[in-house]
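**Student:** Next comes start-v4.cif, mmCIF, C-alpha atoms:
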data_target
#
loop_
_atom_site.label_atom_id
_atom_site.label_comp_id
_atom_site.auth_asym_id
_atom_site.auth_seq_id
_atom_site.Cartn_x
_atom_site.Cartn_y
_atom_site.Cartn_z
CA MET A 73 0.00 0.00 0.00
CA LYS A 74 2.92 2.33 0.72
CA GLU A 75 4.17 1.89 -2.86
CA ALA A 76 0.72 2.54 -4.33
CA SER A 77 0.15 5.65 -2.23
CA SER A 78 3.58 7.14 -2.94
CA GLU A 79 2.77 7.16 -6.67
CA GLN A 80 -0.44 9.12 -6.07
CA ILE A 81 0.49 11.61 -3.31
CA LYS A 82 2.39 14.61 -4.70
CA THR A 83 3.41 18.06 -3.48
CA GLY A 84 0.33 20.23 -2.95
CA THR A 85 -1.84 17.37 -1.68
CA VAL A 86 -3.99 18.32 1.33
CA ILE A 87 -4.27 15.94 4.32
CA LEU A 88 -7.45 15.48 6.36
CA GLU A 89 -7.59 13.30 9.48
CA ILE A 90 -10.90 11.44 9.77
CA SER A 91 -12.14 10.00 13.08
CA TRP A 92 -14.23 6.83 12.94
CA ASN A 93 -16.38 5.10 15.55
CA TYR A 94 -17.00 1.40 15.15
CA LYS A 95 -18.66 -0.73 17.84
CA GLY A 96 -17.77 1.81 20.51
CA GLU A 97 -14.09 2.11 19.53
CA GLN A 98 -12.60 5.19 17.92
CA PHE A 99 -9.83 5.15 15.32
CA THR A 100 -8.49 7.59 12.75
CA SER A 101 -7.42 7.46 9.15
CA LEU A 102 -5.68 9.96 6.91
CA CYS A 103 -7.35 11.14 3.73
CA PHE A 104 -5.29 12.87 1.01
CA TYR A 105 -7.06 15.07 -1.52
CA ASN A 106 -6.53 17.83 -4.06
CA GLU A 107 -8.78 20.02 -6.20
CA SER A 108 -9.91 16.94 -8.17
CA GLY A 109 -11.16 15.08 -5.09
CA ILE A 110 -9.91 12.30 -2.81
CA ILE A 111 -6.78 10.58 -4.14
CA TRP A 112 -5.82 8.34 -1.21
CA ASP A 113 -7.40 7.07 1.97
CA ASN A 114 -5.98 4.07 3.78
CA VAL A 115 -9.49 2.78 4.56
CA PHE A 116 -11.29 3.59 1.30
CA ALA A 117 -8.35 2.43 -0.85
CA GLY A 118 -9.42 -1.18 -0.37
CA LEU A 119 -13.03 -0.65 -1.46
CA VAL A 120 -14.69 -0.47 -4.85
CA MET A 121 -18.39 -0.32 -5.66
CA MET A 122 -19.44 -2.10 -8.81
CA ASP A 123 -22.31 -3.47 -10.84
CA THR A 124 -21.42 -7.15 -11.35
CA ARG A 125 -23.66 -7.42 -14.43
CA GLY A 126 -21.46 -5.07 -16.43
CA ASN A 127 -22.40 -3.03 -19.48
CA SER A 128 -22.63 -3.99 -23.13
CA GLU A 129 -23.08 -2.21 -26.43
CA THR A 130 -23.59 -3.45 -30.00
CA SER A 131 -22.85 -1.66 -33.27
CA PRO A 132 -25.90 0.18 -34.68
CA ILE A 133 -27.85 -1.92 -37.22
CA ASP A 134 -28.01 0.90 -39.82
CA SER A 135 -24.20 1.12 -40.00
CA GLN A 136 -23.64 -2.64 -40.33
CA ALA A 137 -24.64 -2.90 -44.02
CA LYS A 138 -22.55 0.14 -45.04
CA VAL A 139 -19.22 -1.09 -43.67
CA ALA A 140 -19.90 -4.88 -43.65
CA SER A 141 -18.77 -5.10 -40.04
CA LYS A 142 -20.36 -5.66 -36.67
CA TRP A 143 -18.98 -5.24 -33.16
CA TYR A 144 -19.88 -6.08 -29.58
CA LYS A 145 -18.35 -4.41 -26.53
CA GLN A 146 -18.66 -5.41 -22.87
CA TRP A 147 -17.12 -3.69 -19.85
CA TRP A 148 -17.24 -3.48 -16.07
CA THR A 149 -16.71 -0.27 -14.11
CA ALA A 150 -15.38 0.09 -10.57
CA ASN A 151 -16.32 3.19 -8.60
CA TRP A 152 -15.02 4.77 -5.44
CA LEU A 153 -17.36 4.51 -2.46
CA TRP A 154 -18.39 8.16 -2.99
CA GLY A 155 -19.37 7.56 -6.62
CA SER A 156 -16.60 8.74 -8.96
CA LYS A 157 -15.07 6.30 -11.44
CA ARG A 158 -12.06 4.35 -10.15
CA GLY A 159 -11.32 1.90 -12.97
CA GLU A 160 -12.63 -0.19 -15.83
CA ILE A 161 -12.02 -3.52 -17.59
CA GLY A 162 -13.51 -4.63 -20.90
CA TYR A 163 -13.16 -6.10 -24.37
CA GLN A 164 -14.52 -5.49 -27.87
CA ILE A 165 -14.87 -7.99 -30.73
CA THR A 166 -15.37 -6.85 -34.34
CA ILE A 167 -16.20 -9.10 -37.29
CA TYR A 168 -15.84 -8.21 -40.98
CA TYR A 169 -18.11 -10.08 -43.36
CA SER A 170 -19.61 -10.41 -46.83
CA GLY A 171 -23.12 -11.87 -46.89
CA SER A 172 -23.08 -14.58 -44.21
CA THR A 173 -19.33 -15.31 -44.38
CA VAL A 174 -16.89 -13.82 -41.87
CA SER A 175 -13.62 -12.77 -43.51
CA ASN A 176 -11.74 -11.42 -40.48
CA VAL A 177 -12.04 -10.77 -36.72
CA ASP A 178 -10.39 -8.23 -34.42
CA VAL A 179 -10.47 -8.15 -30.62
CA SER A 180 -9.21 -5.51 -28.21
CA ASP A 181 -9.18 -5.33 -24.41
CA TRP A 182 -8.41 -2.79 -21.70
CA GLY A 183 -7.97 -2.55 -17.96
CA ASN A 184 -7.13 0.37 -15.65
CA ILE A 185 -7.66 1.34 -12.02
CA SER A 186 -6.41 4.08 -9.74
CA LEU A 187 -4.66 2.70 -6.64
CA GLY A 188 -4.70 -0.96 -7.57
CA LYS A 189 -3.85 -3.43 -10.30
CA ALA A 190 -5.67 -4.10 -13.57
CA LYS A 191 -4.88 -6.49 -16.38
CA SER A 192 -6.61 -7.62 -19.53
CA GLU A 193 -5.87 -10.19 -22.22
CA SER A 194 -7.81 -11.34 -25.27
CA LYS A 195 -7.25 -13.33 -28.45
CA VAL A 196 -9.16 -14.35 -31.55
CA THR A 197 -10.05 -18.06 -31.51
CA LYS A 198 -12.05 -18.22 -34.78
CA ARG A 199 -11.17 -15.74 -37.54
CA THR A 200 -13.19 -16.88 -40.61
CA GLY A 201 -16.29 -18.88 -41.52
CA ALA A 202 -19.86 -18.57 -40.26
CA TYR A 203 -18.92 -16.56 -37.16
CA GLY A 204 -16.05 -14.87 -35.32
CA GLN A 205 -14.99 -15.75 -31.80
CA CYS A 206 -12.67 -14.41 -29.09
CA ARG A 207 -11.56 -15.39 -25.60
CA TYR A 208 -10.95 -12.79 -22.90
CA ALA A 209 -9.65 -12.59 -19.34
CA LEU A 210 -10.09 -9.36 -17.37
CA GLY A 211 -9.38 -8.43 -13.76
CA LEU A 212 -8.78 -5.57 -11.37
CA CYS A 213 -8.18 -5.40 -7.65
CA THR A 214 -7.43 -2.87 -4.93
CA PRO A 215 -3.94 -2.60 -3.33
CA THR A 216 -4.49 -5.27 -0.68
CA GLY A 217 -5.25 -7.98 -3.25
CA SER A 218 -3.18 -9.77 -5.85
CA LEU A 219 -4.16 -10.55 -9.42
CA SER A 220 -2.75 -13.37 -11.54
CA PHE A 221 -3.33 -14.52 -15.12
CA ASN A 222 -2.80 -17.79 -16.91
CA SER A 223 -2.80 -16.83 -20.58
CA SER A 224 -2.55 -20.40 -21.88
CA ASN A 225 -6.14 -21.12 -20.84
CA PHE A 226 -7.23 -17.50 -20.29
CA SER A 227 -8.03 -17.67 -16.61
CA VAL A 228 -7.71 -14.93 -14.03
CA SER A 229 -7.62 -15.35 -10.26
CA PHE A 230 -7.73 -13.04 -7.27
CA SER A 231 -6.42 -13.45 -3.74
CA GLY A 232 -6.10 -11.13 -0.75
CA LEU A 233 -8.32 -8.84 1.26
CA GLY A 234 -9.16 -6.13 -1.28
CA SER A 235 -12.14 -5.69 -3.57
CA ASN A 236 -12.01 -7.12 -7.08
CA ILE A 237 -13.73 -7.53 -10.42
CA VAL A 238 -12.86 -10.62 -12.46
CA SER A 239 -14.39 -11.80 -15.74
CA ASN A 240 -13.32 -14.31 -18.33
CA GLY A 241 -15.02 -16.19 -21.11
CA THR A 242 -15.69 -16.63 -24.80
CA LYS A 243 -17.78 -14.41 -27.07
CA SER A 244 -19.07 -15.42 -30.54
CA LEU A 245 -20.43 -12.90 -33.02
CA TYR A 246 -22.44 -13.71 -36.16
CA PRO A 247 -23.05 -11.57 -39.29
#
Mind turning this structure into structure tokens?

**Tutor:**
Amino acid sequence: MKEASSEQIKTGTVILEISWNYKGEQFTSLCFYNESGIIWDNVFAGLVMMDTRGNSETSPIDSQAKVASKWYKQWWTANWLWGSKRGEIGYQITIYYSGSTVSNVDVSDWGNISLGKAKSESKVTKRTGAYGQCRYALGLCTPTGSLSFNSSNFSVSFSGLGSNIVSNGTKSLYP
């Protein structure tokens, strides 16, 4: 956590001491902030709020016939406890086709988080034929957790005490 916080706390950062009461005991934590908002808190740093269902988007139908391509994007967003965006993981598959035959497939992935670790991997598993297919592995975790990937079978695992978002799987897309 010291390493993660030292990357975020810079000259000009303001420090606020927060007192907490929990089950009759009082303790304090330090909160570091600047004009953009809170950038480090040793209690909140281990928390993310998220919608486990994720978000998805598909290319508009009216543009599909013009460019003979179709895409599907899915992503998961992690938020700070107070609501602002903390990080995101996701992937997008695009197929290129003529009639009902797929001629090529592209896949991209992304992962980022403030004060934590994020990683993403994806690869095309079927490039031509009746459909396109990709495999993806995505994960993010807060500083108190660890994130590991096995790219040979596209699995992601999480261990530790922090919050996390992990998703992996296969996506097929048809013309």

**Student:** Quick one, how far is atom CA of Val177 of chain A from atom CA of Leu212 of chain A?

**Tutor:**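 Computing the Euclidean distance for atom CA of Val177 of chain A and atom CA of Leu212 of chain A yields 26.1 Å.
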
**Student:** I'd like the residues picked by the PyMOL selection byres ((chain A and resi 241) around 10) written out as a PyMOL selection string, using the chain letters and numbers from the file.

**Tutor:** chain A and resi 194+206-210+226-227+239-240+242-243

**Student:** Could you dump the residues just selected with C-alpha atoms as a compact mmCIF listing (two decimals), in the frame of the given file?

**Tutor:**
# COMPACT_ATOMS: atom_id res chain seq x y z
CA SER A 194 -7.81 -11.34 -25.27
CA CYS A 206 -12.67 -14.41 -29.09
CA ARG A 207 -11.56 -15.39 -25.60
CA TYR A 208 -10.95 -12.79 -22.90
CA ALA A 209 -9.65 -12.59 -19.34
CA LEU A 210 -10.09 -9.36 -17.37
CA PHE A 226 -7.23 -17.50 -20.29
CA SER A 227 -8.03 -17.67 -16.61
CA SER A 239 -14.39 -11.80 -15.74
CA ASN A 240 -13.32 -14.31 -18.33
CA THR A 242 -15.69 -16.63 -24.80
CA LYS A 243 -17.78 -14.41 -27.07

**Student:** Any chance you could resolve the PyMOL selection byres ((chain A and resi 141-149) around 6) against this file and give the residues as a PyMOL selection string?

**Tutor:** chain A and resi 126-131+136+139-140+150+159-168

**Student:** Using C-alpha atoms, can you write the selected residues to a file as a PDB file, in the coordinates of the input?

**Tutor:**
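So selection_1.pdb came out as:
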ATOM      1  CA  GLY A 126     -21.460  -5.070 -16.430  1.00  0.00           C
ATOM      2  CA  ASN A 127     -22.400  -3.030 -19.480  1.00  0.00           C
ATOM      3  CA  SER A 128     -22.630  -3.990 -23.130  1.00  0.00           C
ATOM      4  CA  GLU A 129     -23.080  -2.210 -26.430  1.00  0.00           C
ATOM      5  CA  THR A 130     -23.590  -3.450 -30.000  1.00  0.00           C
ATOM      6  CA  SER A 131     -22.850  -1.660 -33.270  1.00  0.00           C
ATOM      7  CA  GLN A 136     -23.640  -2.640 -40.330  1.00  0.00           C
ATOM      8  CA  VAL A 139     -19.220  -1.090 -43.670  1.00  0.00           C
ATOM      9  CA  ALA A 140     -19.900  -4.880 -43.650  1.00  0.00           C
ATOM     10  CA  ALA A 150     -15.380   0.090 -10.570  1.00  0.00           C
ATOM     11  CA  GLY A 159     -11.320   1.900 -12.970  1.00  0.00           C
ATOM     12  CA  GLU A 160     -12.630  -0.190 -15.830  1.00  0.00           C
ATOM     13  CA  ILE A 161     -12.020  -3.520 -17.590  1.00  0.00           C
ATOM     14  CA  GLY A 162     -13.510  -4.630 -20.900  1.00  0.00           C
ATOM     15  CA  TYR A 163     -13.160  -6.100 -24.370  1.00  0.00           C
ATOM     16  CA  GLN A 164     -14.520  -5.490 -27.870  1.00  0.00           C
ATOM     17  CA  ILE A 165     -14.870  -7.990 -30.730  1.00  0.00           C
ATOM     18  CA  THR A 166     -15.370  -6.850 -34.340  1.00  0.00           C
ATOM     19  CA  ILE A 167     -16.200  -9.100 -37.290  1.00  0.00           C
ATOM     20  CA  TYR A 168     -15.840  -8.210 -40.980  1.00  0.00           C
TER      21      TYR A 168
END

**Student:** I need the residue nearest Ser175 of chain A from this list: A:Lys157, A:Arg125, A:Arg199, A:Lys82. Use only C-alpha atoms for the distance.

**Tutor:** A:Arg199

**Student:** Nearest to Ser186 of chain A: which of A:Pro247, A:Pro215, A:Gly204, A:Pro132 is it, counting only C-alpha atoms?

**Tutor:**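 Using only C-alpha atoms, Ser186 of chain A sits closest to A:Pro215.
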
**Student:** Determine the nearest neighbour of Asn184 of chain A from the options A:Thr197, A:Thr214, A:Asn222, A:Ser244, counting only C-alpha atoms.

**Tutor:**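 Under the stated criterion, the closest residue is A:Thr214.
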
**Student:** Do you have the atom CA of Tyr169 of chain A-atom CA of Asn225 of chain A distance handy?

**Tutor:**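 Between atom CA of Tyr169 of chain A and atom CA of Asn225 of chain A the gap works out to 27.8 Å.
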
**Student:** Just to confirm, what's the straight-line distance from atom CA of Phe230 of chain A to atom CA of Ile185 of chain A in Å (one decimal)?

**Tutor:**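 The value is 15.1 Å.
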